[in-house]
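Visitor: Just passing along the structure, written as structure tokens.
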Amino acid sequence: MRASVYRERFAVIGDAGTADAVQARIANQMTQWGQRLPFNKVLVLGDNVYPSGDPRLFDACIAKPYQALWRREVRFFPVLGNHDVKAGFGDQQLAYWGVPAYYNFKFGPPGQDVEVFALDTTVMVPGALGGEVSPQNRKRAEDQAAWLRQALAQSTASMKVVMGHYPLFSLGAAAKAKRLFWQQALAQKLAPILEQYGVDLYLAGHEHHYEAPKKLNGVWYAVSGAGGKLDSPVKGLPEQAGLIKKNHFMLFETTAAGLQYQVISDQGQVFDFGLIPRKGQSLRK
Ligand SMILES: [Fe+2]
């Protein structure tokens, strides 16, 4: 019998809502891996319902692919992506999942507890047609930033994870000037908050590939945006160190050392793994 060491696990998917065979393969891998390494939470990084968040596709993109996990009482914690809000159905989708636009939750025992802060980053950038952020969204973004500061300041969790659809830093943004511009604007607003309050990890999607966690000013940034979609081999940046074009999900596990992760392809292969160490501990990979 294995020694009973407390381990809490959660999965991460991004840009998954295609309702196609790829999403189904990832969901199937999650179900299979969950039998060996049980997890009870999935963080869903946005673009959950392609192409434009149509409520008639909620069942096909959300309920159906993950029904085996729902049956095991795995809980899903989503944020909205640009495709979810582009036709104005963001609030309906949040109601379907049963979550607000931004929120936090905590799990794990004292000393090894993890708190997750879920953000709606879509209110921080202009819509698909460009232009300026609407006054309504600017207000929502300001309210959200004030909430985030307060929630982070009050957190006593041993590790803090923030999740949002848009990356603050990514290699992929360099492929498109407009994207890079907005990413930098987002980073200017959010990165100082993450740094000030000791956030350990920021998880994002939007870029349809995997970018390995990278540490900047004390915060680790990772991109997991290929839970259904995938950049073509020729679109955007080529594969390179830290950027892998494979459909995948991530599986995290809390340990005394920090958050261990593995990255699992739609074929069930682990193609990256590592550790987000607790602050004050060195990286072991
Ligand atoms: Fe996106």
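As shown in the structure tokens, the chain order sets the letters A, B, ...; within each chain, residues go from 1, and ligands are also counted from 1 in the order they appear.
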Produce as a list in words the set of residues near ligand 1, where near means within 10 Å with only C-alpha atoms and all ligand atoms considered.

Guide: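 What falls inside 10 Å of ligand 1 is Gly14, Asp15, Leu45, Gly46, Asp47, Asn48, Tyr50, Leu80, Gly81, Asn82, His83, Asp84, Thr122, His165, Tyr166, Pro167, Ala204, Gly205, His206, Glu207, His208, Gly225 and Lys229 of chain A.
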
Visitor: Please identify the helix (DSSP H, G or I) residues within region 14-230 of chain A (assignment by DSSP from backbone atoms) and present them as number ranges by chain.

Guide: A: 21-36, 55-63, 67-71, 82-85, 90-97, 121-124, 135-154, 172-175, 177-196

Visitor: Put those residues in a file: C-alpha atoms, as a compact mmCIF listing (two decimals), in the first residue's frame.

Guide:
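Output contents, as saved in out_13.txt:
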# COMPACT_ATOMS: atom_id res chain seq x y z
CA ALA A 21 -12.95 15.25 -32.24
CA VAL A 22 -9.89 17.00 -30.80
CA GLN A 23 -11.78 18.37 -27.82
CA ALA A 24 -13.27 14.90 -27.33
CA ARG A 25 -9.80 13.28 -27.39
CA ILE A 26 -8.47 15.70 -24.78
CA ALA A 27 -11.56 15.15 -22.63
CA ASN A 28 -11.06 11.40 -22.99
CA GLN A 29 -7.41 11.68 -21.93
CA MET A 30 -8.45 13.75 -18.93
CA THR A 31 -10.93 11.06 -17.95
CA GLN A 32 -8.33 8.31 -18.35
CA TRP A 33 -5.61 10.17 -16.46
CA GLY A 34 -8.11 11.00 -13.75
CA GLN A 35 -8.57 7.29 -13.10
CA ARG A 36 -4.86 6.91 -12.26
CA PRO A 55 -25.87 29.47 -26.09
CA ARG A 56 -27.24 26.79 -28.46
CA LEU A 57 -23.73 25.28 -28.42
CA PHE A 58 -23.23 25.27 -24.63
CA ASP A 59 -24.23 21.63 -24.34
CA ALA A 60 -22.07 20.54 -27.30
CA CYS A 61 -18.98 22.48 -26.17
CA ILE A 62 -19.28 22.19 -22.39
CA ALA A 63 -21.62 19.50 -21.09
CA GLN A 67 -19.78 14.38 -19.13
CA ALA A 68 -17.63 11.53 -17.74
CA LEU A 69 -15.82 14.06 -15.52
CA TRP A 70 -19.07 15.75 -14.46
CA ARG A 71 -20.33 12.32 -13.41
CA ASN A 82 -12.80 36.67 -26.52
CA HIS A 83 -14.83 34.15 -28.54
CA ASP A 84 -17.19 33.65 -25.59
CA VAL A 85 -18.08 37.34 -25.42
CA GLY A 90 -20.72 36.05 -21.92
CA ASP A 91 -23.15 36.48 -19.04
CA GLN A 92 -25.33 33.63 -20.30
CA GLN A 93 -22.32 31.34 -20.41
CA LEU A 94 -21.28 32.29 -16.88
CA ALA A 95 -24.82 31.46 -15.70
CA TYR A 96 -24.55 28.08 -17.47
CA TRP A 97 -21.32 27.25 -15.62
CA THR A 121 -9.56 39.62 -18.98
CA THR A 122 -11.94 40.16 -21.93
CA VAL A 123 -13.14 43.41 -20.33
CA MET A 124 -9.59 44.73 -20.46
CA PRO A 135 -16.75 52.52 -20.90
CA GLN A 136 -18.83 49.69 -19.45
CA ASN A 137 -15.94 47.24 -19.72
CA ARG A 138 -13.46 49.78 -18.40
CA LYS A 139 -15.62 50.09 -15.28
CA ARG A 140 -15.84 46.30 -14.91
CA ALA A 141 -12.06 46.04 -15.29
CA GLU A 142 -11.51 48.70 -12.61
CA ASP A 143 -13.89 46.97 -10.22
CA GLN A 144 -12.18 43.67 -10.92
CA ALA A 145 -8.70 45.09 -10.29
CA ALA A 146 -9.85 46.57 -6.97
CA TRP A 147 -11.37 43.22 -6.01
CA LEU A 148 -8.22 41.35 -7.03
CA ARG A 149 -5.98 43.58 -4.93
CA GLN A 150 -8.22 43.11 -1.91
CA ALA A 151 -8.64 39.36 -2.35
CA LEU A 152 -4.90 38.83 -2.81
CA ALA A 153 -4.11 41.03 0.19
CA GLN A 154 -6.48 38.97 2.36
CA GLY A 172 3.16 33.74 -29.42
CA ALA A 173 2.15 37.40 -29.24
CA ALA A 174 5.27 38.38 -31.13
CA ALA A 175 3.66 36.91 -34.25
CA ALA A 177 1.72 43.37 -33.69
CA LYS A 178 -1.85 44.14 -32.51
CA ARG A 179 -1.78 41.17 -30.16
CA LEU A 180 1.57 42.19 -28.73
CA PHE A 181 0.33 45.74 -28.16
CA TRP A 182 -2.64 44.56 -26.10
CA GLN A 183 -0.63 42.00 -24.26
CA GLN A 184 1.79 44.68 -23.16
CA ALA A 185 -1.11 46.92 -22.09
CA LEU A 186 -2.56 44.06 -20.04
CA ALA A 187 0.81 43.29 -18.49
CA GLN A 188 1.22 46.92 -17.47
CA LYS A 189 -2.05 46.74 -15.57
CA LEU A 190 -1.90 43.28 -14.06
CA ALA A 191 1.73 42.26 -13.64
CA PRO A 192 2.46 44.85 -10.90
CA ILE A 193 -0.50 43.48 -8.90
CA LEU A 194 0.69 39.88 -9.29
CA GLU A 195 4.20 40.87 -8.25
CA GLN A 196 3.12 43.02 -5.32

Visitor: From the set A:Met163, A:Leu237, A:Ala257, A:Ala87, which residue has the shortest atom-to-atom contact distance to Tyr202 (chain A), counting only C-alpha atoms?

Guide: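 Of all the options, A:Met163 lies closest to Tyr202 (chain A).
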
Visitor: I need the residues in region 45-92 of chain A that are strand (DSSP E or B) according to DSSP; give them as a list in words.

Guide: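 Checking each residue of region 45-92 of chain A, the strand (DSSP E or B) ones are Arg75, Phe76, Phe77 and Pro78 of chain A.
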
Visitor: Between A:Pro38, A:Pro213, A:Gly218, A:Gly227, which has the minimum distance to Tyr197 (chain A) (counting only C-alpha atoms)?

Guide: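 Between A:Pro38, A:Pro213, A:Gly218, A:Gly227, the residue approaching Tyr197 (chain A) most closely is A:Gly218.
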
Visitor: Of the candidates A:Lys215, A:His248, A:Arg72, A:Lys106, which one gets nearest to Val161 (chain A) if we count only C-alpha atoms?

Guide: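 Using only C-alpha atoms, Val161 (chain A) sits closest to A:Lys106.
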